[in-house]
$ cat data03.cif   # mmCIF, C-alpha atoms and all ligand atoms
data_target
loop_
_atom_site.label_atom_id
_atom_site.label_comp_id
_atom_site.auth_asym_id
_atom_site.auth_seq_id
_atom_site.Cartn_x
_atom_site.Cartn_y
_atom_site.Cartn_z
CA MET D 226 -13.19 110.72 16.99
CA THR D 227 -15.76 111.66 19.64
CA ASP D 228 -16.61 115.33 19.71
CA ARG D 229 -16.37 116.00 23.43
CA ALA D 230 -17.80 119.52 23.08
CA ALA D 231 -20.83 118.33 21.09
CA ARG D 232 -23.05 117.11 23.86
CA ARG D 233 -22.99 118.05 27.51
CA LEU D 234 -23.82 115.09 29.72
CA ARG D 235 -26.33 115.12 32.57
CA ILE D 236 -25.00 113.06 35.44
CA GLY D 237 -26.37 112.13 38.85
CA ILE D 238 -23.54 111.37 41.28
CA THR D 239 -24.12 109.49 44.52
CA CYS D 240 -21.48 109.18 47.22
CA TYR D 241 -21.04 109.14 50.97
CA PRO D 242 -20.66 112.76 51.98
CA THR D 243 -18.15 112.19 54.78
CA PHE D 244 -14.35 112.48 54.94
CA GLY D 245 -13.64 109.14 53.18
CA GLY D 246 -11.66 108.88 49.98
CA SER D 247 -14.62 107.70 47.88
CA GLY D 248 -16.55 110.87 48.74
CA ILE D 249 -13.53 113.02 47.93
CA VAL D 250 -12.99 111.37 44.54
CA ALA D 251 -16.71 111.63 43.66
CA THR D 252 -16.89 115.29 44.66
CA GLU D 253 -13.72 116.32 42.85
CA LEU D 254 -14.84 114.41 39.75
CA GLY D 255 -18.29 116.04 39.78
CA GLN D 256 -16.87 119.54 40.21
CA GLU D 257 -14.39 119.10 37.37
CA LEU D 258 -17.13 117.67 35.08
CA ALA D 259 -19.26 120.75 35.90
CA ARG D 260 -16.36 123.07 35.02
CA ARG D 261 -16.26 121.27 31.66
CA GLY D 262 -19.91 122.16 31.09
CA HIS D 263 -21.65 118.93 32.10
CA ARG D 264 -24.67 119.24 34.39
CA VAL D 265 -23.99 117.42 37.64
CA HIS D 266 -26.54 116.51 40.32
CA PHE D 267 -25.18 115.25 43.63
CA ILE D 268 -27.68 112.91 45.31
CA SER D 269 -26.49 112.29 48.84
CA SER D 270 -27.59 112.32 52.49
CA ALA D 271 -25.67 115.56 53.16
CA VAL D 272 -23.61 118.08 51.19
CA PRO D 273 -20.29 116.30 50.51
CA ARG D 274 -17.36 117.74 52.50
CA ARG D 275 -15.48 119.11 49.56
CA LEU D 276 -18.55 120.58 47.82
CA ASP D 277 -17.85 123.76 49.68
CA ARG D 278 -18.31 126.52 47.10
CA PHE D 279 -20.82 127.63 44.50
CA LEU D 280 -20.13 126.24 41.05
CA ASP D 281 -22.17 126.64 37.90
CA ASN D 282 -23.78 123.36 36.72
CA VAL D 283 -23.68 121.75 40.17
CA PHE D 284 -26.94 120.86 41.95
CA PHE D 285 -27.52 119.09 45.24
CA HIS D 286 -30.41 116.77 46.15
CA GLU D 287 -30.66 115.63 49.75
CA VAL D 288 -31.70 112.06 50.49
CA GLU D 289 -33.91 112.39 53.55
CA VAL D 290 -34.40 109.21 55.55
CA ARG D 291 -37.73 109.44 57.34
CA ASP D 292 -37.93 108.06 60.85
CA TYR D 293 -40.90 105.96 61.88
CA PRO D 294 -41.30 103.87 65.04
CA LEU D 295 -41.61 100.63 63.03
CA PHE D 296 -38.27 101.11 61.28
CA ASP D 297 -35.48 99.71 63.42
CA HIS D 298 -32.87 100.23 60.76
CA GLY D 299 -32.35 103.12 58.42
CA LEU D 300 -34.13 103.01 55.11
CA TYR D 301 -31.44 105.02 53.37
CA PRO D 302 -31.16 102.66 50.32
CA LEU D 303 -34.88 103.00 49.63
CA ALA D 304 -34.94 106.75 50.20
CA LEU D 305 -31.98 107.04 47.83
CA THR D 306 -33.78 104.95 45.19
CA SER D 307 -36.84 107.18 45.42
CA LYS D 308 -34.74 110.33 45.16
CA MET D 309 -32.96 108.96 42.08
CA VAL D 310 -36.31 108.11 40.46
CA GLU D 311 -37.79 111.50 41.33
CA LEU D 312 -34.78 113.34 39.93
CA ALA D 313 -34.68 111.32 36.70
CA GLN D 314 -38.43 111.90 36.16
CA HIS D 315 -38.02 115.67 36.29
CA GLU D 316 -34.51 116.16 35.01
CA PRO D 317 -33.29 114.31 31.92
CA LEU D 318 -30.22 112.36 33.07
CA ASP D 319 -27.80 110.34 30.94
CA LEU D 320 -26.41 108.33 33.79
CA PHE D 321 -26.09 107.74 37.49
CA HIS D 322 -22.51 107.43 38.64
CA VAL D 323 -22.58 105.78 42.06
CA HIS D 324 -19.53 105.59 44.28
CA TYR D 325 -19.24 102.66 46.73
CA ALA D 326 -21.30 99.61 45.81
CA VAL D 327 -23.14 99.15 49.10
CA PRO D 328 -25.96 100.12 48.81
CA HIS D 329 -25.56 102.70 46.05
CA ALA D 330 -25.31 100.22 43.14
CA THR D 331 -28.43 98.46 44.44
CA SER D 332 -30.39 101.71 44.76
CA ALA D 333 -29.35 102.66 41.21
CA TYR D 334 -30.41 99.25 39.91
CA LEU D 335 -33.83 99.60 41.55
CA ALA D 336 -34.22 103.16 40.24
CA ARG D 337 -33.45 101.95 36.73
CA GLN D 338 -36.05 99.17 37.06
CA ILE D 339 -38.70 101.61 38.26
CA LEU D 340 -37.93 104.12 35.52
CA GLY D 341 -38.12 101.48 32.79
CA PRO D 342 -37.03 101.97 29.16
CA GLY D 343 -34.96 105.11 28.65
CA ALA D 344 -33.75 105.10 32.27
CA PRO D 345 -30.29 106.60 32.89
CA LYS D 346 -27.39 104.16 32.58
CA VAL D 347 -25.61 103.16 35.78
CA VAL D 348 -21.86 103.39 36.34
CA THR D 349 -20.60 101.97 39.63
CA THR D 350 -17.18 102.84 41.00
CA LEU D 351 -15.97 100.37 43.62
CA HIS D 352 -13.69 101.94 46.20
CA GLY D 353 -12.31 99.17 48.38
CA THR D 354 -14.07 98.22 51.58
CA ASP D 355 -17.29 97.83 49.57
CA VAL D 356 -15.54 94.78 48.05
CA THR D 357 -12.99 93.66 50.63
CA LEU D 358 -14.98 94.12 53.85
CA VAL D 359 -18.64 95.04 53.51
CA GLY D 360 -19.59 93.67 50.09
CA ASN D 361 -17.76 90.47 51.00
CA ASP D 362 -19.83 89.96 54.16
CA PRO D 363 -22.34 87.12 53.71
CA SER D 364 -25.12 89.54 54.70
CA TYR D 365 -24.53 91.57 51.56
CA LEU D 366 -22.52 89.39 49.16
CA ALA D 367 -25.28 88.14 46.82
CA LEU D 368 -26.90 91.55 46.47
CA THR D 369 -23.61 93.36 46.00
CA ARG D 370 -22.45 90.94 43.29
CA PHE D 371 -25.82 91.17 41.54
CA SER D 372 -25.87 94.98 41.65
CA ILE D 373 -22.33 95.21 40.29
CA VAL D 374 -23.06 92.77 37.46
CA GLN D 375 -26.24 94.68 36.60
CA SER D 376 -24.40 98.03 36.35
CA ASP D 377 -23.85 99.25 32.79
CA GLY D 378 -20.27 100.15 33.67
CA VAL D 379 -17.97 99.25 36.56
CA THR D 380 -14.73 100.97 37.51
CA THR D 381 -12.10 100.50 40.21
CA PRO D 382 -9.22 102.82 41.15
CA SER D 383 -6.62 100.01 40.99
CA ALA D 384 -5.98 96.81 39.08
CA ASP D 385 -5.69 95.06 42.42
CA LEU D 386 -9.26 95.98 43.40
CA ALA D 387 -10.51 94.81 40.00
CA ARG D 388 -8.90 91.41 40.72
CA SER D 389 -10.36 91.27 44.25
CA THR D 390 -13.80 92.07 42.88
CA ARG D 391 -13.61 88.87 40.84
CA THR D 392 -12.01 86.66 43.48
CA LEU D 393 -13.92 87.87 46.55
CA LEU D 394 -17.31 88.70 45.06
CA GLY D 395 -17.29 86.26 42.16
CA VAL D 396 -17.95 88.88 39.51
CA PRO D 397 -17.35 86.91 36.28
CA ASP D 398 -14.61 87.68 33.75
CA GLU D 399 -17.24 88.49 31.11
CA LYS D 400 -18.21 91.58 33.09
CA PRO D 401 -15.61 94.19 32.12
CA ILE D 402 -14.09 96.29 34.89
CA GLU D 403 -12.36 99.50 33.86
CA VAL D 404 -9.45 100.66 35.99
CA ILE D 405 -9.46 104.45 36.32
CA GLY D 406 -7.08 105.61 39.00
CA ASN D 407 -7.90 108.12 41.69
CA PHE D 408 -6.40 111.54 41.19
CA VAL D 409 -5.34 114.71 42.91
CA ASP D 410 -5.47 118.41 42.12
CA THR D 411 -1.74 119.08 41.77
CA ASP D 412 -2.26 122.87 41.75
CA THR D 413 -3.60 122.70 45.29
CA TYR D 414 -1.59 119.71 46.54
CA LYS D 415 1.92 121.02 45.95
CA PRO D 416 5.07 121.44 48.01
CA ALA D 417 5.71 124.66 49.93
CA ALA D 418 8.78 126.69 48.95
CA GLU D 419 10.40 125.45 52.17
CA LYS D 420 9.41 123.21 55.05
CA ARG D 421 8.75 125.43 58.08
CA TRP D 422 6.70 124.98 61.20
CA GLY D 423 4.18 127.73 60.50
CA ALA D 424 1.13 127.25 62.73
CA LEU D 425 2.06 123.62 63.35
CA GLY D 426 4.88 124.59 65.72
CA HIS D 427 2.34 125.59 68.37
CA LEU D 428 0.94 122.08 68.47
CA PHE D 429 3.94 120.74 70.36
CA GLU D 430 5.89 121.94 73.37
CA ARG D 431 8.49 124.49 72.36
CA ALA D 432 11.34 122.35 73.67
CA GLU D 433 10.28 119.63 71.21
CA THR D 434 10.16 121.85 68.11
CA GLU D 435 13.67 123.28 68.36
CA LEU D 436 16.73 121.11 68.03
CA PRO D 437 20.26 122.29 68.90
CA GLY D 438 21.59 124.55 66.13
CA GLY D 439 18.08 125.83 65.35
CA ARG D 440 17.27 122.73 63.29
CA ARG D 441 13.67 121.63 62.96
CA PRO D 442 12.78 118.07 64.04
CA PRO D 443 11.43 115.71 61.38
CA LEU D 444 7.64 115.58 61.24
CA VAL D 445 5.87 112.25 60.65
CA VAL D 446 2.23 112.44 59.51
CA HIS D 447 -0.61 109.93 59.28
CA VAL D 448 -4.11 110.69 57.99
CA SER D 449 -6.99 108.22 58.24
CA ASN D 450 -10.45 107.41 59.54
CA PHE D 451 -8.95 105.51 62.51
CA ARG D 452 -10.69 102.27 61.61
CA PRO D 453 -9.00 98.92 62.46
CA VAL D 454 -7.87 98.40 58.82
CA LYS D 455 -5.63 101.47 59.10
CA ARG D 456 -3.53 99.86 61.89
CA VAL D 457 -2.97 103.17 63.64
CA ASP D 458 -1.29 101.20 66.47
CA ASP D 459 1.45 100.38 63.99
CA VAL D 460 1.84 104.09 63.21
CA VAL D 461 2.52 104.74 66.90
CA ARG D 462 4.84 101.76 67.26
CA ILE D 463 6.81 102.74 64.14
CA PHE D 464 7.12 106.22 65.59
CA ALA D 465 8.23 104.87 68.99
CA GLU D 466 10.96 102.86 67.25
CA LEU D 467 12.01 105.89 65.19
CA ARG D 468 12.25 108.05 68.33
CA ARG D 469 15.00 105.79 69.64
CA THR D 470 17.38 107.39 67.15
CA VAL D 471 15.60 110.44 65.69
CA PRO D 472 13.94 113.26 67.71
CA ALA D 473 10.90 113.25 65.39
CA LEU D 474 7.35 114.43 66.10
CA LEU D 475 4.12 112.72 65.05
CA LEU D 476 0.96 114.42 63.82
CA LEU D 477 -2.15 112.26 63.51
CA VAL D 478 -5.03 113.64 61.44
CA GLY D 479 -8.55 112.19 61.44
CA ASP D 480 -10.87 110.52 63.85
CA GLY D 481 -12.69 107.24 64.25
CA PRO D 482 -13.39 104.24 66.45
CA GLU D 483 -9.73 103.46 67.25
CA ARG D 484 -8.74 106.93 68.39
CA SER D 485 -9.26 106.60 72.16
CA ARG D 486 -7.36 103.33 72.25
CA VAL D 487 -4.49 104.79 70.23
CA GLU D 488 -4.37 107.82 72.53
CA GLY D 489 -4.02 105.36 75.41
CA LEU D 490 -1.16 103.58 73.64
CA VAL D 491 0.65 106.89 73.11
CA ARG D 492 0.35 107.67 76.84
CA ASP D 493 1.45 104.14 77.83
CA LEU D 494 4.56 104.47 75.66
CA GLY D 495 5.36 107.82 77.27
CA LEU D 496 5.16 109.64 73.94
CA ALA D 497 2.38 112.17 74.63
CA HIS D 498 4.81 115.13 74.47
CA ALA D 499 5.86 114.17 70.93
CA VAL D 500 2.49 113.20 69.44
CA CYS D 501 -0.42 115.45 68.49
CA PHE D 502 -3.91 114.25 67.58
CA LEU D 503 -5.39 116.93 65.32
CA GLY D 504 -8.77 115.26 64.68
CA LYS D 505 -10.65 115.77 61.43
CA GLN D 506 -9.34 118.59 59.27
CA LEU D 507 -10.89 120.10 56.18
CA GLU D 508 -7.57 121.28 54.80
CA LEU D 509 -4.65 118.88 54.65
CA VAL D 510 -2.22 120.80 52.46
CA PRO D 511 -0.72 122.97 55.25
CA VAL D 512 -0.05 119.81 57.28
CA LEU D 513 1.42 117.80 54.41
CA GLN D 514 3.63 120.70 53.30
CA HIS D 515 5.60 120.45 56.53
CA ALA D 516 5.71 116.67 56.73
CA ASP D 517 8.93 114.71 56.17
CA VAL D 518 7.43 111.21 56.11
CA PHE D 519 3.88 109.94 55.61
CA LEU D 520 2.90 106.60 57.18
CA LEU D 521 0.13 104.34 55.86
CA PRO D 522 0.66 100.84 57.35
CA SER D 523 -2.89 99.64 56.51
CA ALA D 524 -4.02 96.02 56.51
CA ILE D 525 -6.01 96.62 53.29
CA GLU D 526 -6.00 99.59 50.93
CA SER D 527 -7.54 99.50 47.48
CA PHE D 528 -5.63 102.61 46.43
CA GLY D 529 -4.56 104.92 49.26
CA LEU D 530 -5.77 108.38 48.29
CA ALA D 531 -4.20 109.79 51.46
CA ALA D 532 -0.82 108.46 50.26
CA LEU D 533 -1.34 110.01 46.82
CA GLU D 534 -2.08 113.41 48.36
CA ALA D 535 1.12 113.19 50.40
CA LEU D 536 3.18 112.20 47.35
CA ALA D 537 1.71 115.15 45.40
CA VAL D 538 3.07 117.47 48.08
CA GLY D 539 6.48 115.81 47.74
CA VAL D 540 6.34 113.73 50.93
CA PRO D 541 7.81 110.19 50.73
CA VAL D 542 5.34 107.50 51.84
CA ILE D 543 6.09 104.43 53.93
CA ALA D 544 3.26 101.96 53.50
CA SER D 545 2.22 98.31 53.53
CA ARG D 546 2.83 96.25 50.42
CA VAL D 547 -0.84 95.46 50.07
CA GLY D 548 -3.82 95.99 47.75
CA GLY D 549 -3.38 98.89 45.33
CA LEU D 550 -0.61 100.62 47.30
CA PRO D 551 2.20 99.18 45.11
CA GLU D 552 0.44 100.83 42.14
CA VAL D 553 0.70 104.20 43.90
CA VAL D 554 3.98 104.11 45.85
CA VAL D 555 7.11 103.10 43.93
CA ASP D 556 9.21 101.14 46.42
CA GLY D 557 12.65 102.70 46.83
CA GLU D 558 11.79 105.66 44.60
CA THR D 559 8.85 107.59 46.02
CA GLY D 560 8.78 105.81 49.37
CA PHE D 561 9.16 102.36 50.88
CA LEU D 562 6.83 99.35 51.00
CA HIS D 563 6.98 96.60 53.62
CA PRO D 564 4.82 93.64 54.64
CA VAL D 565 1.76 94.47 56.72
CA GLY D 566 2.76 94.70 60.40
CA ASP D 567 6.52 94.93 59.81
CA VAL D 568 6.97 97.78 62.26
CA ALA D 569 10.75 97.38 62.48
CA ALA D 570 11.26 97.64 58.72
CA MET D 571 8.96 100.64 58.44
CA ALA D 572 10.76 102.37 61.32
CA ALA D 573 14.14 101.67 59.68
CA SER D 574 12.87 103.24 56.43
CA ALA D 575 11.57 106.27 58.33
CA ALA D 576 14.96 106.64 60.04
CA ALA D 577 16.71 106.37 56.67
CA ILE D 578 14.61 109.22 55.23
CA CYS D 579 14.85 111.41 58.35
CA GLY D 580 18.59 110.86 58.65
CA ASP D 581 19.55 111.53 55.05
CA PRO D 582 18.45 114.92 53.64
CA ALA D 583 19.69 114.00 50.15
CA LEU D 584 17.56 110.83 50.10
CA ALA D 585 14.55 112.73 51.48
CA ASP D 586 14.94 115.40 48.82
CA ARG D 587 15.39 112.87 46.00
CA MET D 588 12.34 110.87 47.07
CA GLY D 589 10.22 113.97 47.57
CA ARG D 590 11.00 115.20 44.06
CA ALA D 591 10.41 111.76 42.56
CA ALA D 592 7.07 111.57 44.40
CA ARG D 593 5.85 114.88 43.03
CA ALA D 594 7.07 114.02 39.51
CA ALA D 595 5.35 110.61 39.58
CA VAL D 596 2.04 112.17 40.62
CA ILE D 597 2.26 114.78 37.87
CA ALA D 598 3.06 112.07 35.31
CA ARG D 599 0.36 109.58 36.34
CA TRP D 600 -2.24 110.90 38.74
CA ARG D 601 -3.23 114.42 37.72
CA ARG D 602 -6.92 115.26 38.00
CA GLU D 603 -7.47 116.52 34.43
CA PRO D 604 -6.47 113.40 32.44
CA MET D 605 -8.33 111.12 34.87
CA VAL D 606 -11.54 113.13 34.55
CA THR D 607 -11.16 112.93 30.77
CA ARG D 608 -10.92 109.15 31.15
CA TYR D 609 -14.21 109.17 33.04
CA GLU D 610 -15.81 111.35 30.36
CA ASP D 611 -14.65 108.96 27.63
CA TYR D 612 -15.86 106.00 29.67
CA TYR D 613 -19.29 107.56 30.17
CA ARG D 614 -19.61 108.05 26.41
CA ARG D 615 -18.61 104.45 25.81
CA VAL D 616 -21.24 103.22 28.27
CA LEU D 617 -23.79 105.47 26.56
CA GLY D 618 -22.78 104.02 23.20
CA GLU D 619 -21.70 107.38 21.82
O1 LIG T 1 -10.13 104.22 53.61
C1 LIG T 1 -11.29 104.04 53.94
O2 LIG T 1 -11.59 103.23 54.80
C2 LIG T 1 -12.38 104.86 53.30
C3 LIG T 1 -12.68 104.33 51.95
C4 LIG T 1 -13.80 105.12 51.31
O3 LIG T 1 -14.71 104.49 50.81
O4 LIG T 1 -13.77 106.34 51.27
O5 LIG T 1 -11.49 104.41 51.17
C5 LIG T 1 -11.43 103.56 50.07
O6 LIG T 1 -11.60 104.35 48.90
C6 LIG T 1 -10.56 105.30 48.66
C7 LIG T 1 -10.91 106.09 47.40
O7 LIG T 1 -10.98 105.27 46.28
C8 LIG T 1 -9.21 104.57 48.52
O8 LIG T 1 -8.18 105.51 48.31
C9 LIG T 1 -8.93 103.78 49.81
O9 LIG T 1 -7.74 103.03 49.61
C10 LIG T 1 -10.08 102.83 50.08
N1 LIG T 1 -9.87 102.21 51.40
C11 LIG T 1 -9.65 100.90 51.54
O10 LIG T 1 -9.56 100.13 50.62
C12 LIG T 1 -9.46 100.44 52.95
#

$ encode --input "data03.cif" --output "structure tokens"
Amino acid sequence: MTDRAARRLRIGITCYPTFGGSGIVATELGQELARRGHRVHFISSAVPRRLDRFLDNVFFHEVEVRDYPLFDHGLYPLALTSKMVELAQHEPLDLFHVHYAVPHATSAYLARQILGPGAPKVVTTLHGTDVTLVGNDPSYLALTRFSIVQSDGVTTPSADLARSTRTLLGVPDEKPIEVIGNFVDTDTYKPAAEKRWGALGHLFERAETELPGGRRPPLVVHVSNFRPVKRVDDVVRIFAELRRTVPALLLLVGDGPERSRVEGLVRDLGLAHAVCFLGKQLELVPVLQHADVFLLPSAIESFGLAALEALAVGVPVIASRVGGLPEVVVDGETGFLHPVGDVAAMAASAAAICGDPALADRMGRAARAAVIARWRREPMVTRYEDYYRRVLGE
């Protein structure tokens, strides 16, 4: 048996510091490892969003990309490599755990080459678009495949992404890929005692938030980075269809390249009074706690962390049957899955949940129970710890 308490690990974690799921998973993982006594160094271009409080054993190293008139494109991968080398030369590290292959796995590979014998091991966690969109692009494919194969350990959050890594990038079967699911802090992401409007009521016109008999209208929520893969148009069209029979309201959280266009669609459909764009939010729990349905009609989704967070709060999820989503949402039990782009079916499922309090309650409870059984933070972090020790040969 491994003696987990015997040796504290020293881990350098690299991730994108923005709102994306890969940054959230990396930050939550690092913080929990630090609470367990491991020494964790975040190496990133900015302090990750959720690294928002002091914690013993957590250090931050900023990757500074120097500007110079000759450099047309950012030299972030090289600056990251240098920072990794510099850190490992002054701070004994057991491993680099890089999140998102492009270019982090390549920077880690280069750092290991520069450091030579005794260099930290490299664990790469693939998150989705680094395989299905960016890593797959001919401009990056060969380097991404090489960097993944050269990693000492490779993980994905879903079995589906592990399969895509082989089929799309050509990573051979001999290279093991460990599936370690994403996770959620179920003490923070939990249902409220009752669904009320709270501060959210002020986001809509008063006439919209009060139904006859003092009832509260159903609230539909979507959270994303508003990139084309999220199909936010579908969210609005599903909602428009739902509004034909149910006086629901829609709250959209996040921001990104599609937002202005989607705002235009909402206006064109005459739905502006029933839809609120909240933009990026640091805290999602107060929004999710008052949601009745969560929509994630993405074209691709390796896992769907946003869906997992909704399920943890007891909100049924209606999503596309694509990628890793069927591993997260149990069709008919914790939500409903439909083919990508099937707006009518998704709207019918939303109407079924909004129109049947018993079904909504049953699904909400099943969602929370499923997350507690399968996706709690603590057991997943233990799986990472065990995996690190395996990679280190301990
Ligand atoms: O969803 C995104 O576009 C952001 C992206 C990221 O790198 O943060 O999310 C990916 O990683 C998340 C964490 O593992 C997964 O939950 C998302 O499903 C995945 N997104 C896609 O595959 C499109």

$ residues_near_ligand --input "data03.cif" --ligand "ligand LIG 1 (chain T)" --cutoff "8 Å" --atoms "only C-alpha atoms and all ligand atoms" --output "ChimeraX atom specification"
/D:241,244-250,325,351-355,357,381-382,407,449-450,452,454-455,523-531,548-550

$ atom_distance --input "data03.cif" --atom1 "atom CA of Gly504 of chain D" --atom2 "atom CA of Met588 of chain D"
27.8 Å

$ closest_residue --input "data03.cif" --among "D:Pro604, D:Gly489, D:Gly560, D:Pro302" --to "Ile268 of chain D" --atoms "only C-alpha atoms"
D:Pro302

$ residues_around --input "data03.cif" --residues "Thr411 of chain D" --least-positions-apart "4" --cutoff "7 Å" --atoms "all atoms listed in the file" --output "list in words"
Lys415, Ala537 and Arg601 of chain D

$ atom_distance --input "data03.cif" --atom1 "atom CA of Leu335 of chain D" --atom2 "atom CA of Gly262 of chain D"
28.5 Å

$ atom_distance --input "data03.cif" --atom1 "atom CA of Glu610 of chain D" --atom2 "atom CA of Thr239 of chain D"
16.5 Å

$ residues_around --input "data03.cif" --residues "Pro453 of chain D" --least-positions-apart "3" --cutoff "8 Å" --atoms "all atoms listed in the file" --output "PyMOL selection string"
chain D and resi 456-457+482-483

$ closest_residue --input "data03.cif" --among "D:Gly479, D:Asp412, D:Ser383, D:Thr390" --to "Val547 of chain D" --atoms "all atoms listed in the file"
D:Ser383

$ closest_residue --input "data03.cif" --among "D:Ala516, D:Val460, D:Leu340, D:Ile405" --to "Arg602 of chain D" --atoms "all atoms listed in the file"
D:Ile405

$ residues_around --input "data03.cif" --residues "Thr369 of chain D" --least-positions-apart "3" --cutoff "12 Å" --atoms "only C-alpha atoms" --output "NGL selection string"
:D and (325-334 or 349 or 351 or 355-366 or 372-376 or 390 or 393-396)

$ closest_residue --input "data03.cif" --among "D:Leu507, D:Ala591, D:Val553, D:Ala570" --to "Asp277 of chain D" --atoms "all atoms listed in the file"
D:Leu507

$ residues_around --input "data03.cif" --residues "Ile402 of chain D" --least-positions-apart "3" --cutoff "7 Å" --atoms "only C-alpha atoms" --output "VMD selection string"
chain D and resid 379 to 380 387

$ residues_around --input "data03.cif" --residues "Pro317 of chain D" --least-positions-apart "4" --cutoff "10 Å" --atoms "all atoms listed in the file" --output "PDB file with C-alpha atoms, in the frame of the given file"
ATOM      1  CA  LEU D 234     -23.820 115.090  29.720  1.00  0.00           C
ATOM      2  CA  ARG D 235     -26.330 115.120  32.570  1.00  0.00           C
ATOM      3  CA  ILE D 236     -25.000 113.060  35.440  1.00  0.00           C
ATOM      4  CA  LEU D 312     -34.780 113.340  39.930  1.00  0.00           C
ATOM      5  CA  ALA D 313     -34.680 111.320  36.700  1.00  0.00           C
ATOM      6  CA  GLY D 343     -34.960 105.110  28.650  1.00  0.00           C
ATOM      7  CA  ALA D 344     -33.750 105.100  32.270  1.00  0.00           C
ATOM      8  CA  PRO D 345     -30.290 106.600  32.890  1.00  0.00           C
TER       9      PRO D 345
END

$ closest_residue --input "data03.cif" --among "D:Asp410, D:His324, D:Leu425, D:Asp459" --to "Gly378 of chain D" --atoms "only C-alpha atoms"
D:His324

$ axis_aligned_box --input "data03.cif" --around "segment 569-572 of chain D" --padding-each-side "8 Å" --output "AutoDock Vina command-line options"
--center_x 10.1 --center_y 99.9 --center_z 60.5 --size_x 18.3 --size_y 21.0 --size_z 20.0

$ closest_residue --input "data03.cif" --among "D:Glu287, D:Leu494, D:Gly406, D:Ala595" --to "Arg608 of chain D" --atoms "all atoms listed in the file"
D:Gly406

$ residues_near_point --input "data03.cif" --point "(-9.9, 118.9, 50.0)" --cutoff "9 Å" --atoms "all atoms listed in the file" --output "list in words"
Ile249, Glu253, Arg274, Arg275, Thr413, Leu507, Glu508, Leu509 and Val510 of chain D

$ write_last_selection --input "data03.cif" --atoms "C-alpha atoms" --output "tab-separated table (two decimals), in the coordinates of the input"
chain	number	residue	atom	x	y	z
D	249	ILE	CA	-13.53	113.02	47.93
D	253	GLU	CA	-13.72	116.32	42.85
D	274	ARG	CA	-17.36	117.74	52.50
D	275	ARG	CA	-15.48	119.11	49.56
D	413	THR	CA	-3.60	122.70	45.29
D	507	LEU	CA	-10.89	120.10	56.18
D	508	GLU	CA	-7.57	121.28	54.80
D	509	LEU	CA	-4.65	118.88	54.65
D	510	VAL	CA	-2.22	120.80	52.46

$ decode --input "data03.cif" --residues "segment 238-249 of chain D" --atoms "N, CA and C atoms" --output "PDB file, in the first residue's frame"
ATOM      1  N   ILE D 238       1.908  23.447 -11.598  1.00  0.00           N
ATOM      2  CA  ILE D 238       0.674  23.320 -12.391  1.00  0.00           C
ATOM      3  C   ILE D 238       0.584  24.479 -13.380  1.00  0.00           C
ATOM      4  N   THR D 239       0.374  24.146 -14.643  1.00  0.00           N
ATOM      5  CA  THR D 239       0.172  25.177 -15.659  1.00  0.00           C
ATOM      6  C   THR D 239      -1.236  25.070 -16.225  1.00  0.00           C
ATOM      7  N   CYS D 240      -1.890  26.225 -16.334  1.00  0.00           N
ATOM      8  CA  CYS D 240      -3.236  26.238 -16.926  1.00  0.00           C
ATOM      9  C   CYS D 240      -3.486  27.615 -17.508  1.00  0.00           C
ATOM     10  N   TYR D 241      -4.574  27.723 -18.288  1.00  0.00           N
ATOM     11  CA  TYR D 241      -5.010  29.044 -18.719  1.00  0.00           C
ATOM     12  C   TYR D 241      -5.769  29.656 -17.552  1.00  0.00           C
ATOM     13  N   PRO D 242      -5.471  30.919 -17.246  1.00  0.00           N
ATOM     14  CA  PRO D 242      -6.014  31.497 -16.018  1.00  0.00           C
ATOM     15  C   PRO D 242      -7.424  32.066 -16.149  1.00  0.00           C
ATOM     16  N   THR D 243      -8.050  31.877 -17.314  1.00  0.00           N
ATOM     17  CA  THR D 243      -9.327  32.550 -17.572  1.00  0.00           C
ATOM     18  C   THR D 243     -10.517  31.763 -17.014  1.00  0.00           C
ATOM     19  N   PHE D 244     -11.716  32.069 -17.524  1.00  0.00           N
ATOM     20  CA  PHE D 244     -12.923  31.471 -16.952  1.00  0.00           C
ATOM     21  C   PHE D 244     -13.175  30.020 -17.386  1.00  0.00           C
ATOM     22  N   GLY D 245     -12.394  29.508 -18.350  1.00  0.00           N
ATOM     23  CA  GLY D 245     -12.683  28.182 -18.918  1.00  0.00           C
ATOM     24  C   GLY D 245     -12.602  27.047 -17.899  1.00  0.00           C
ATOM     25  N   GLY D 246     -13.257  25.950 -18.253  1.00  0.00           N
ATOM     26  CA  GLY D 246     -13.325  24.799 -17.363  1.00  0.00           C
ATOM     27  C   GLY D 246     -11.964  24.216 -17.030  1.00  0.00           C
ATOM     28  N   SER D 247     -11.034  24.222 -17.997  1.00  0.00           N
ATOM     29  CA  SER D 247      -9.728  23.606 -17.718  1.00  0.00           C
ATOM     30  C   SER D 247      -8.995  24.377 -16.628  1.00  0.00           C
ATOM     31  N   GLY D 248      -9.124  25.710 -16.647  1.00  0.00           N
ATOM     32  CA  GLY D 248      -8.496  26.530 -15.607  1.00  0.00           C
ATOM     33  C   GLY D 248      -9.147  26.291 -14.255  1.00  0.00           C
ATOM     34  N   ILE D 249     -10.458  26.107 -14.261  1.00  0.00           N
ATOM     35  CA  ILE D 249     -11.173  25.868 -12.996  1.00  0.00           C
ATOM     36  C   ILE D 249     -10.724  24.546 -12.392  1.00  0.00           C
TER      37      ILE D 249
END
